[in-house]
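Source file: query_19.cif. Holds: mmCIF, C-alpha atoms.
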data_coords
#
loop_
_atom_site.group_PDB
_atom_site.id
_atom_site.type_symbol
_atom_site.label_atom_id
_atom_site.label_comp_id
_atom_site.auth_asym_id
_atom_site.auth_seq_id
_atom_site.Cartn_x
_atom_site.Cartn_y
_atom_site.Cartn_z
ATOM 1 C CA MET A 1 123.786 126.365 -24.037
ATOM 2 C CA THR A 2 124.224 124.102 -27.047
ATOM 3 C CA LYS A 3 123.032 121.230 -24.908
ATOM 4 C CA ALA A 4 119.862 123.098 -23.991
ATOM 5 C CA VAL A 5 119.003 123.607 -27.643
ATOM 6 C CA GLU A 6 119.753 119.995 -28.568
ATOM 7 C CA LYS A 7 117.781 118.566 -25.682
ATOM 8 C CA ASP A 8 115.025 121.141 -25.746
ATOM 9 C CA TYR A 9 115.119 121.892 -22.035
ATOM 10 C CA PRO A 10 116.633 124.769 -20.081
ATOM 11 C CA VAL A 11 119.862 124.222 -18.168
ATOM 12 C CA GLU A 12 119.655 126.440 -15.116
ATOM 13 C CA SER A 13 121.264 126.422 -11.683
ATOM 14 C CA ASP A 14 120.804 123.339 -9.532
ATOM 15 C CA HIS A 15 118.859 125.432 -7.038
ATOM 16 C CA ASP A 16 116.335 126.574 -9.668
ATOM 17 C CA TRP A 17 116.172 123.089 -11.171
ATOM 18 C CA TRP A 18 115.497 121.610 -7.714
ATOM 19 C CA LEU A 19 112.658 124.084 -7.098
ATOM 20 C CA LYS A 20 111.108 123.406 -10.499
ATOM 21 C CA LEU A 21 111.312 119.645 -10.053
ATOM 22 C CA GLN A 22 109.404 119.989 -6.804
ATOM 23 C CA ALA A 23 106.804 122.106 -8.567
ATOM 24 C CA GLY A 24 106.462 119.303 -11.127
ATOM 25 C CA GLU A 25 107.443 121.500 -14.067
ATOM 26 C CA ASP A 26 107.724 119.574 -17.295
ATOM 27 C CA PRO A 27 111.054 121.018 -18.600
ATOM 28 C CA ALA A 28 112.695 120.292 -15.240
ATOM 29 C CA TRP A 29 111.565 116.661 -15.330
ATOM 30 C CA LYS A 30 112.649 116.420 -18.938
ATOM 31 C CA ARG A 31 116.112 117.580 -17.922
ATOM 32 C CA LEU A 32 116.103 114.963 -15.148
ATOM 33 C CA TRP A 33 115.282 112.312 -17.726
ATOM 34 C CA PHE A 34 118.224 113.272 -19.941
ATOM 35 C CA GLU A 35 120.775 114.087 -17.249
ATOM 36 C CA VAL A 36 119.940 111.517 -14.590
ATOM 37 C CA ILE A 37 117.988 108.534 -15.931
ATOM 38 C CA VAL A 38 119.464 108.161 -19.421
ATOM 39 C CA PRO A 39 123.173 108.390 -18.399
ATOM 40 C CA GLU A 40 122.661 105.762 -15.679
ATOM 41 C CA THR A 41 120.916 103.375 -18.054
ATOM 42 C CA ARG A 42 123.841 103.690 -20.470
ATOM 43 C CA LEU A 43 126.435 102.500 -17.963
ATOM 44 C CA SER A 44 127.229 98.950 -18.980
ATOM 45 C CA ARG A 45 126.861 97.420 -15.514
ATOM 46 C CA ASN A 46 123.538 99.136 -14.964
ATOM 47 C CA ALA A 47 122.312 98.164 -18.427
ATOM 48 C CA GLU A 48 123.219 94.552 -17.675
ATOM 49 C CA LEU A 49 121.333 94.549 -14.341
ATOM 50 C CA MET A 50 118.356 96.260 -15.927
ATOM 51 C CA ARG A 51 118.206 93.609 -18.648
ATOM 52 C CA LYS A 52 118.617 90.857 -16.073
ATOM 53 C CA TYR A 53 115.817 92.082 -13.820
ATOM 54 C CA SER A 54 113.568 93.570 -16.531
ATOM 55 C CA VAL A 55 113.824 97.117 -15.230
ATOM 56 C CA THR A 56 113.042 99.887 -17.713
ATOM 57 C CA ALA A 57 114.163 103.497 -17.697
ATOM 58 C CA GLY A 58 110.508 104.357 -17.155
ATOM 59 C CA ASP A 59 110.455 102.233 -14.002
ATOM 60 C CA LEU A 60 113.433 104.184 -12.683
ATOM 61 C CA ASN A 61 111.775 107.489 -13.437
ATOM 62 C CA GLY A 62 108.603 106.275 -11.731
ATOM 63 C CA GLN A 63 110.516 105.187 -8.627
ATOM 64 C CA LEU A 64 112.351 108.482 -8.473
ATOM 65 C CA PHE A 65 109.057 110.328 -8.786
ATOM 66 C CA GLU A 66 107.463 108.244 -6.030
ATOM 67 C CA GLU A 67 110.334 108.773 -3.662
ATOM 68 C CA MET A 68 111.163 112.398 -4.388
ATOM 69 C CA VAL A 69 107.647 113.762 -4.848
ATOM 70 C CA GLY A 70 105.494 111.153 -3.150
ATOM 71 C CA GLU A 71 107.636 110.780 -0.069
ATOM 72 C CA GLY A 72 108.916 114.344 -0.135
ATOM 73 C CA LYS A 73 112.567 113.339 -0.338
ATOM 74 C CA PHE A 74 113.434 116.321 -2.471
ATOM 75 C CA ALA A 75 113.617 118.102 0.885
ATOM 76 C CA LEU A 76 116.687 116.023 1.760
ATOM 77 C CA TYR A 77 118.785 117.669 -0.939
ATOM 78 C CA ARG A 78 121.046 120.054 0.927
ATOM 79 C CA ASP A 79 121.237 122.654 -1.831
ATOM 80 C CA ASP A 80 124.706 123.655 -0.715
ATOM 81 C CA GLY A 81 126.413 123.577 -4.092
ATOM 82 C CA GLY A 82 126.593 119.792 -4.433
ATOM 83 C CA SER A 83 125.562 118.383 -7.794
ATOM 84 C CA LEU A 84 121.820 117.754 -7.895
ATOM 85 C CA ALA A 85 122.229 115.397 -10.854
ATOM 86 C CA GLY A 86 124.891 113.465 -8.942
ATOM 87 C CA TRP A 87 122.646 113.265 -5.875
ATOM 88 C CA LEU A 88 119.708 111.979 -7.947
ATOM 89 C CA ARG A 89 121.909 109.539 -9.841
ATOM 90 C CA ARG A 90 122.870 107.903 -6.556
ATOM 91 C CA TYR A 91 119.213 107.113 -5.930
ATOM 92 C CA VAL A 92 118.764 105.757 -9.447
ATOM 93 C CA ARG A 93 121.871 103.633 -9.111
ATOM 94 C CA GLY A 94 120.498 102.322 -5.821
ATOM 95 C CA TYR A 95 117.221 101.328 -7.475
ATOM 96 C CA ILE A 96 119.102 99.386 -10.118
ATOM 97 C CA ALA A 97 121.420 97.830 -7.547
ATOM 98 C CA ARG A 98 118.446 96.605 -5.536
ATOM 99 C CA ALA A 99 116.363 95.485 -8.497
ATOM 100 C CA ASN A 100 116.902 91.785 -7.866
ATOM 101 C CA PRO A 101 113.353 90.699 -6.990
ATOM 102 C CA ALA A 102 114.680 87.626 -5.181
ATOM 103 C CA ALA A 103 116.815 89.646 -2.791
ATOM 104 C CA HIS A 104 113.885 90.979 -0.700
ATOM 105 C CA GLY A 105 116.054 93.500 1.022
ATOM 106 C CA GLU A 106 118.912 91.161 1.739
ATOM 107 C CA PHE A 107 122.276 92.329 0.625
ATOM 108 C CA SER A 108 122.748 91.025 -2.882
ATOM 109 C CA LEU A 109 126.108 90.553 -4.533
ATOM 110 C CA ASP A 110 124.383 90.829 -7.889
ATOM 111 C CA GLY A 111 122.875 94.102 -6.901
ATOM 112 C CA THR A 112 125.960 95.788 -5.535
ATOM 113 C CA ALA A 113 127.007 98.843 -7.461
ATOM 114 C CA ASP A 114 130.685 99.422 -6.873
ATOM 115 C CA LEU A 115 131.202 103.132 -6.564
ATOM 116 C CA ASP A 116 129.150 106.279 -6.683
ATOM 117 C CA ASP A 117 129.910 109.390 -8.752
ATOM 118 C CA HIS A 118 132.623 110.469 -6.364
ATOM 119 C CA GLY A 119 134.318 107.092 -6.206
ATOM 120 C CA GLU A 120 132.897 106.321 -2.770
ATOM 121 C CA PRO A 121 131.418 102.944 -1.909
ATOM 122 C CA MET A 122 127.646 102.995 -1.891
ATOM 123 C CA ALA A 123 125.901 102.504 1.437
ATOM 124 C CA ILE A 124 124.775 98.956 2.140
ATOM 125 C CA PRO A 125 121.034 98.953 2.797
ATOM 126 C CA VAL A 126 120.182 97.982 6.339
ATOM 127 C CA GLU A 127 116.388 98.200 6.021
ATOM 128 C CA ASP A 128 114.140 95.662 4.364
ATOM 129 C CA ILE A 129 114.205 97.388 1.007
ATOM 130 C CA GLY A 130 111.749 94.934 -0.516
ATOM 131 C CA LEU A 131 109.190 95.796 2.123
ATOM 132 C CA ILE A 132 109.809 99.523 1.807
ATOM 133 C CA ARG A 133 109.481 99.366 -1.959
ATOM 134 C CA SER A 134 106.283 97.360 -1.848
ATOM 135 C CA GLU A 135 104.870 99.755 0.737
ATOM 136 C CA ALA A 136 105.833 102.738 -1.434
ATOM 137 C CA TRP A 137 104.231 101.028 -4.433
ATOM 138 C CA ARG A 138 101.041 100.316 -2.461
ATOM 139 C CA MET A 139 100.933 103.896 -1.222
ATOM 140 C CA THR A 140 101.500 105.251 -4.729
ATOM 141 C CA HIS A 141 98.471 103.347 -5.969
ATOM 142 C CA ARG A 142 96.378 104.503 -3.050
ATOM 143 C CA CYS A 143 97.237 108.087 -3.947
ATOM 144 C CA LEU A 144 96.659 107.443 -7.661
ATOM 145 C CA LYS A 145 93.208 106.091 -6.804
ATOM 146 C CA ASP A 146 92.471 109.278 -4.871
ATOM 147 C CA LEU A 147 93.567 111.274 -7.877
ATOM 148 C CA TRP A 148 91.318 109.196 -10.137
ATOM 149 C CA ASN A 149 88.387 109.701 -7.794
ATOM 150 C CA ASP A 150 88.968 113.433 -7.959
ATOM 151 C CA ASP A 151 89.237 113.467 -11.751
ATOM 152 C CA PRO A 152 90.385 110.563 -13.962
ATOM 153 C CA ARG A 153 91.881 113.009 -16.466
ATOM 154 C CA LYS A 154 94.346 114.200 -13.814
ATOM 155 C CA ALA A 155 95.387 110.601 -13.192
ATOM 156 C CA TYR A 156 95.969 110.040 -16.921
ATOM 157 C CA VAL A 157 98.034 113.224 -17.223
ATOM 158 C CA LEU A 158 100.206 112.155 -14.299
ATOM 159 C CA LEU A 159 100.580 108.631 -15.695
ATOM 160 C CA PHE A 160 101.352 109.782 -19.242
ATOM 161 C CA LYS A 161 103.987 112.261 -18.109
ATOM 162 C CA THR A 162 105.725 110.274 -15.378
ATOM 163 C CA ARG A 163 105.309 106.707 -16.585
ATOM 164 C CA PHE A 164 105.476 107.153 -20.353
ATOM 165 C CA HIS A 165 107.382 110.467 -20.480
ATOM 166 C CA PHE A 166 105.136 112.039 -23.066
ATOM 167 C CA SER A 167 105.631 115.739 -23.647
ATOM 168 C CA SER A 168 102.883 118.157 -22.690
ATOM 169 C CA LYS A 169 102.085 118.626 -26.372
ATOM 170 C CA GLU A 170 101.701 114.879 -26.891
ATOM 171 C CA VAL A 171 99.462 114.617 -23.807
ATOM 172 C CA ALA A 172 97.379 117.559 -25.027
ATOM 173 C CA ASP A 173 96.934 115.859 -28.425
ATOM 174 C CA MET A 174 96.112 112.480 -26.929
ATOM 175 C CA LEU A 175 93.664 113.612 -24.271
ATOM 176 C CA ASP A 176 92.135 116.421 -26.326
ATOM 177 C CA ILE A 177 93.261 119.105 -23.871
ATOM 178 C CA SER A 178 93.271 122.664 -25.200
ATOM 179 C CA SER A 179 97.013 123.443 -24.882
ATOM 180 C CA ASP A 180 100.413 122.378 -23.557
ATOM 181 C CA ALA A 181 100.064 124.996 -20.832
ATOM 182 C CA ALA A 182 96.762 123.475 -19.705
ATOM 183 C CA VAL A 183 98.465 120.077 -19.468
ATOM 184 C CA ASP A 184 101.279 121.592 -17.394
ATOM 185 C CA GLN A 185 98.738 123.117 -15.075
ATOM 186 C CA ILE A 186 96.835 119.839 -14.651
ATOM 187 C CA PHE A 187 100.115 117.986 -14.109
ATOM 188 C CA SER A 188 101.273 120.472 -11.507
ATOM 189 C CA ARG A 189 97.985 120.101 -9.611
ATOM 190 C CA ALA A 190 98.165 116.320 -9.900
ATOM 191 C CA VAL A 191 101.661 116.276 -8.386
ATOM 192 C CA LYS A 192 100.525 118.490 -5.529
ATOM 193 C CA ASP A 193 97.464 116.311 -4.955
ATOM 194 C CA MET A 194 99.596 113.158 -4.950
ATOM 195 C CA ARG A 195 101.961 114.725 -2.442
ATOM 196 C CA ALA A 196 99.073 115.819 -0.195
ATOM 197 C CA ALA A 197 97.427 112.392 -0.442
ATOM 198 C CA TRP A 198 100.710 110.735 0.490
ATOM 199 C CA VAL A 199 101.050 112.853 3.616
ATOM 200 C CA ARG A 200 97.401 112.232 4.519
ATOM 201 C CA HIS A 201 97.616 108.449 4.098
ATOM 202 C CA ASP A 202 100.950 108.345 5.873
ATOM 203 C CA LYS A 203 99.365 109.966 8.934
ATOM 204 C CA GLU A 204 96.418 107.579 8.762
ATOM 205 C CA GLY A 205 98.862 104.679 8.787
ATOM 206 C CA MET B 1 93.246 114.124 -31.138
ATOM 207 C CA ARG B 2 95.813 111.483 -31.980
ATOM 208 C CA THR B 3 98.116 109.070 -30.174
ATOM 209 C CA THR B 4 101.888 109.280 -30.581
ATOM 210 C CA GLU B 5 104.117 107.068 -32.713
ATOM 211 C CA LYS B 6 104.769 104.942 -29.612
ATOM 212 C CA THR B 7 102.615 101.975 -28.654
ATOM 213 C CA PHE B 8 101.690 101.953 -25.011
ATOM 214 C CA ARG B 9 98.990 100.617 -22.742
ATOM 215 C CA VAL B 10 97.302 101.580 -19.511
ATOM 216 C CA GLU B 11 96.470 98.948 -16.956
ATOM 217 C CA PHE B 12 93.563 98.625 -14.562
ATOM 218 C CA ARG B 13 93.417 96.132 -11.723
ATOM 219 C CA SER B 14 90.631 94.938 -9.500
ATOM 220 C CA ALA B 15 90.387 95.657 -5.826
ATOM 221 C CA ALA B 16 91.682 92.841 -3.607
ATOM 222 C CA THR B 17 89.529 89.711 -3.734
ATOM 223 C CA SER B 18 89.455 86.608 -1.554
ATOM 224 C CA GLU B 19 89.506 84.309 -4.607
ATOM 225 C CA PRO B 20 92.213 84.860 -7.235
ATOM 226 C CA ALA B 21 89.788 83.920 -10.004
ATOM 227 C CA ASP B 22 87.553 86.838 -8.990
ATOM 228 C CA ALA B 23 90.366 89.328 -9.486
ATOM 229 C CA TRP B 24 90.973 90.857 -12.911
ATOM 230 C CA VAL B 25 93.438 92.894 -14.938
ATOM 231 C CA ALA B 26 92.404 94.912 -17.985
ATOM 232 C CA ARG B 27 94.744 96.709 -20.350
ATOM 233 C CA ILE B 28 93.747 99.319 -22.883
ATOM 234 C CA HIS B 29 96.244 99.494 -25.743
ATOM 235 C CA PHE B 30 96.957 102.674 -27.678
ATOM 236 C CA PRO B 31 98.246 101.781 -31.150
ATOM 237 C CA PRO B 32 100.473 104.383 -32.834
ATOM 238 C CA HIS B 33 98.836 107.332 -34.618
ATOM 239 C CA SER B 34 95.310 106.314 -33.608
ATOM 240 C CA GLY B 35 92.617 108.837 -34.426
ATOM 241 C CA PRO B 36 89.111 109.390 -33.008
ATOM 242 C CA ASP B 37 87.482 106.664 -35.090
ATOM 243 C CA ASP B 38 90.096 104.017 -34.382
ATOM 244 C CA ASN B 39 89.523 101.240 -31.892
ATOM 245 C CA LEU B 40 91.672 100.802 -28.805
ATOM 246 C CA PRO B 41 92.116 97.063 -28.155
ATOM 247 C CA ILE B 42 91.397 95.839 -24.640
ATOM 248 C CA GLU B 43 92.717 92.624 -23.133
ATOM 249 C CA ALA B 44 91.300 91.248 -19.917
ATOM 250 C CA THR B 45 92.427 88.373 -17.731
ATOM 251 C CA ASP B 46 91.376 87.064 -14.353
ATOM 252 C CA GLY B 47 93.620 86.829 -11.312
ATOM 253 C CA LEU B 48 94.908 83.467 -12.528
ATOM 254 C CA GLU B 49 95.965 85.127 -15.791
ATOM 255 C CA HIS B 50 93.298 83.283 -17.751
ATOM 256 C CA PRO B 51 91.500 85.311 -20.434
ATOM 257 C CA ILE B 52 88.080 86.475 -19.295
ATOM 258 C CA GLU B 53 85.796 84.495 -21.559
ATOM 259 C CA ASP B 54 82.673 86.574 -21.183
ATOM 260 C CA GLY B 55 82.200 89.901 -19.480
ATOM 261 C CA GLU B 56 81.832 93.642 -19.666
ATOM 262 C CA PHE B 57 84.578 96.032 -18.727
ATOM 263 C CA GLU B 58 83.135 99.287 -17.466
ATOM 264 C CA VAL B 59 85.476 102.225 -17.887
ATOM 265 C CA MET B 60 85.374 105.788 -19.279
ATOM 266 C CA GLY B 61 81.597 105.713 -19.136
ATOM 267 C CA GLN B 62 81.456 102.723 -21.510
ATOM 268 C CA LYS B 63 80.623 99.083 -21.009
ATOM 269 C CA CYS B 64 82.976 97.223 -23.329
ATOM 270 C CA LYS B 65 82.121 93.650 -24.257
ATOM 271 C CA ILE B 66 84.888 91.186 -23.446
ATOM 272 C CA LYS B 67 84.972 87.876 -25.316
ATOM 273 C CA SER B 68 87.818 85.369 -24.998
ATOM 274 C CA GLY B 69 89.911 87.954 -23.198
ATOM 275 C CA SER B 70 89.521 90.686 -25.811
ATOM 276 C CA GLY B 71 87.419 93.736 -26.389
ATOM 277 C CA SER B 72 87.770 97.237 -27.764
ATOM 278 C CA MET B 73 86.698 100.825 -27.320
ATOM 279 C CA ARG B 74 86.578 103.680 -29.785
ATOM 280 C CA TYR B 75 89.213 106.269 -29.046
ATOM 281 C CA SER B 76 86.631 109.058 -29.264
ATOM 282 C CA ASP B 77 84.543 107.258 -26.613
ATOM 283 C CA PHE B 78 87.583 107.012 -24.379
ATOM 284 C CA ILE B 79 88.050 110.782 -24.624
ATOM 285 C CA ALA B 80 84.325 111.481 -24.217
ATOM 286 C CA GLY B 81 84.419 109.593 -20.922
ATOM 287 C CA ILE B 82 87.639 111.114 -19.621
ATOM 288 C CA HIS B 83 85.946 112.366 -16.431
ATOM 289 C CA GLU B 84 83.967 109.179 -15.755
ATOM 290 C CA LYS B 85 85.088 107.461 -12.574
ATOM 291 C CA PRO B 86 83.470 103.994 -12.389
ATOM 292 C CA VAL B 87 85.846 101.122 -13.224
ATOM 293 C CA CYS B 88 84.383 97.647 -12.898
ATOM 294 C CA MET B 89 84.436 94.163 -14.398
ATOM 295 C CA HIS B 90 81.060 92.525 -14.807
ATOM 296 C CA ARG B 91 80.922 88.779 -15.452
ATOM 297 C CA PRO B 92 77.807 86.618 -15.733
ATOM 298 C CA GLY B 93 77.076 84.764 -12.510
ATOM 299 C CA MET B 94 79.782 86.609 -10.607
ATOM 300 C CA THR B 95 79.834 89.623 -8.354
ATOM 301 C CA SER B 96 80.969 92.748 -10.186
ATOM 302 C CA ILE B 97 84.395 93.748 -8.914
ATOM 303 C CA PRO B 98 85.523 97.385 -9.019
ATOM 304 C CA GLY B 99 89.081 98.352 -9.879
ATOM 305 C CA SER B 100 91.400 101.234 -10.547
ATOM 306 C CA LEU B 101 94.136 102.576 -12.787
ATOM 307 C CA THR B 102 97.678 101.478 -11.964
ATOM 308 C CA PHE B 103 101.198 102.737 -12.636
ATOM 309 C CA ALA B 104 102.139 99.397 -14.240
#
Would you put the structure from the file into structure tokens?
Amino acid sequence: MTKAVEKDYPVESDHDWWLKLQAGEDPAWKRLWFEVIVPETRLSRNAELMRKYSVTAGDLNGQLFEEMVGEGKFALYRDDGGSLAGWLRRYVRGYIARANPAAHGEFSLDGTADLDDHGEPMAIPVEDIGLIRSEAWRMTHRCLKDLWNDDPRKAYVLLFKTRFHFSSKEVADMLDISSDAAVDQIFSRAVKDMRAAWVRHDKEG
Amino acid sequence: MRTTEKTFRVEFRSAATSEPADAWVARIHFPPHSGPDDNLPIEATDGLEHPIEDGEFEVMGQKCKIKSGSGSMRYSDFIAGIHEKPVCMHRPGMTSIPGSLTFA
């Protein structure tokens, strides 16, 4: 409980956290930032790779958002008592491990993280990760454009919260929105719209 | 209405163009603690990363003059145009190229 007060976010069960992340709730994403992104960026090997390939913690958060929300990968979490933070950290570690822009999906010695949270070797990617990432990036922008065309303010709220990690209060102050709750509501709708756009564009091919 | 203590910027990019020089990137910077009457600096380059010497960047319902790669917009104008959708770079003697917000 002390941690919750210090970090200013609730620490609830993994199941509840998982549901709230999918709903795009701000405190849940804040917890993800502190319990998933920040600890990974503090590991010396990860910090070294991030420096080497100019990857920021914000980039990692953005990639996690794209994959989990945009591609619906939150559904892959088994919710059977396994650590949600540990599961998410594996993804983040994978992003860092594959950050070498010259690797283009080839197996890179530079980008090989040794062990995961449970001391198991990480899976060696067999797909063309570079291609998948660029496709995900392209798709993300297609969906962001849809969001903009619906209402630019929604696109800014999504960008400010997921790319720059501003709190709802900061976003409300910056965009002259009436309250934190109104920002949360706009953000929640934006996440849902992004998810729907992703599914729609994915079907269109 | 005020920006945070952090400096950050939002980036807009043109739609795909056949000639790199026709493409553009524009960034609106948000200096720390900016208030309604403060200016938000804008930098604009073409697809070859050369500063756009002369143009108008249309965004948030404003047409911001760009000279030697730089321009600006009042923060209050940015907010006033928060629902305005057109994003476009206009340059003399060139076709106006639309663009969009990016995650960059």
Considering all atoms listed in the file, return as a CSV table (one decimal) with C-alpha atoms, in the coordinates of the input whatever protein or nucleic-acid residues lie within 10 Å of region 70-87 of chain B, sequence-local ones (same chain, fewer than 3 positions apart) excluded.
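Below is the file around.csv, written as the result:
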chain,number,residue,atom,x,y,z
A,148,TRP,CA,91.3,109.2,-10.1
A,149,ASN,CA,88.4,109.7,-7.8
A,150,ASP,CA,89.0,113.4,-8.0
A,151,ASP,CA,89.2,113.5,-11.8
A,152,PRO,CA,90.4,110.6,-14.0
A,153,ARG,CA,91.9,113.0,-16.5
A,154,LYS,CA,94.3,114.2,-13.8
A,156,TYR,CA,96.0,110.0,-16.9
A,174,MET,CA,96.1,112.5,-26.9
A,175,LEU,CA,93.7,113.6,-24.3
A,176,ASP,CA,92.1,116.4,-26.3
A,177,ILE,CA,93.3,119.1,-23.9
B,1,MET,CA,93.2,114.1,-31.1
B,2,ARG,CA,95.8,111.5,-32.0
B,3,THR,CA,98.1,109.1,-30.2
B,12,PHE,CA,93.6,98.6,-14.6
B,13,ARG,CA,93.4,96.1,-11.7
B,14,SER,CA,90.6,94.9,-9.5
B,26,ALA,CA,92.4,94.9,-18.0
B,27,ARG,CA,94.7,96.7,-20.4
B,28,ILE,CA,93.7,99.3,-22.9
B,29,HIS,CA,96.2,99.5,-25.7
B,30,PHE,CA,97.0,102.7,-27.7
B,34,SER,CA,95.3,106.3,-33.6
B,35,GLY,CA,92.6,108.8,-34.4
B,36,PRO,CA,89.1,109.4,-33.0
B,37,ASP,CA,87.5,106.7,-35.1
B,38,ASP,CA,90.1,104.0,-34.4
B,39,ASN,CA,89.5,101.2,-31.9
B,40,LEU,CA,91.7,100.8,-28.8
B,41,PRO,CA,92.1,97.1,-28.2
B,42,ILE,CA,91.4,95.8,-24.6
B,43,GLU,CA,92.7,92.6,-23.1
B,44,ALA,CA,91.3,91.2,-19.9
B,45,THR,CA,92.4,88.4,-17.7
B,51,PRO,CA,91.5,85.3,-20.4
B,52,ILE,CA,88.1,86.5,-19.3
B,53,GLU,CA,85.8,84.5,-21.6
B,54,ASP,CA,82.7,86.6,-21.2
B,55,GLY,CA,82.2,89.9,-19.5
B,56,GLU,CA,81.8,93.6,-19.7
B,57,PHE,CA,84.6,96.0,-18.7
B,58,GLU,CA,83.1,99.3,-17.5
B,59,VAL,CA,85.5,102.2,-17.9
B,60,MET,CA,85.4,105.8,-19.3
B,61,GLY,CA,81.6,105.7,-19.1
B,62,GLN,CA,81.5,102.7,-21.5
B,63,LYS,CA,80.6,99.1,-21.0
B,64,CYS,CA,83.0,97.2,-23.3
B,65,LYS,CA,82.1,93.6,-24.3
B,66,ILE,CA,84.9,91.2,-23.4
B,67,LYS,CA,85.0,87.9,-25.3
B,90,HIS,CA,81.1,92.5,-14.8
B,97,ILE,CA,84.4,93.7,-8.9
B,98,PRO,CA,85.5,97.4,-9.0
B,99,GLY,CA,89.1,98.4,-9.9
B,100,SER,CA,91.4,101.2,-10.5
B,101,LEU,CA,94.1,102.6,-12.8
* Asked: If you apply the PyMOL selection byres ((chain A and resi 59) around 12) to this file, what residues do you get, as a PyMOL selection string?
  -> (chain A and resi 33+37+41+50+53-58+60-66+92+95-96+99+137+159+162-165) or (chain B and resi 103-104)
Each side padded by 8 Å, which centre and which edge lengths in Å (one decimal) define the axis-aligned box around the listed atoms of region 3-7 of chain B? Give them as AutoDock Vina command-line options.
--center_x 101.4 --center_y 105.6 --center_z -30.7 --size_x 22.7 --size_y 23.3 --size_z 20.1
* Asked: Mind pulling up the distance from CA of Leu147 (chain A) to CA of Trp17 (chain A)?
  -> 25.7 Å
Can you list, as a PDB file with C-alpha atoms, keeping the file's coordinate frame, every protein, DNA or RNA residue that comes within 8 Å of Val171 (chain A) when you count all atoms listed in the file, leaving out same-chain residues fewer than 2 positions away?
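Written file, around39.pdb:
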ATOM      1  CA  VAL A 157      98.034 113.224 -17.223  1.00  0.00           C
ATOM      2  CA  PHE A 160     101.352 109.782 -19.242  1.00  0.00           C
ATOM      3  CA  LYS A 161     103.987 112.261 -18.109  1.00  0.00           C
ATOM      4  CA  PHE A 166     105.136 112.039 -23.066  1.00  0.00           C
ATOM      5  CA  SER A 167     105.631 115.739 -23.647  1.00  0.00           C
ATOM      6  CA  SER A 168     102.883 118.157 -22.690  1.00  0.00           C
ATOM      7  CA  LYS A 169     102.085 118.626 -26.372  1.00  0.00           C
ATOM      8  CA  ASP A 173      96.934 115.859 -28.425  1.00  0.00           C
ATOM      9  CA  MET A 174      96.112 112.480 -26.929  1.00  0.00           C
ATOM     10  CA  LEU A 175      93.664 113.612 -24.271  1.00  0.00           C
ATOM     11  CA  ASP A 176      92.135 116.421 -26.326  1.00  0.00           C
ATOM     12  CA  ILE A 177      93.261 119.105 -23.871  1.00  0.00           C
ATOM     13  CA  ASP A 180     100.413 122.378 -23.557  1.00  0.00           C
ATOM     14  CA  VAL A 183      98.465 120.077 -19.468  1.00  0.00           C
TER      15      VAL A 183
END
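Pairwise distance (CA of Arg78 (chain A), CA of Asp193 (chain A)) equals 24.6 Å.
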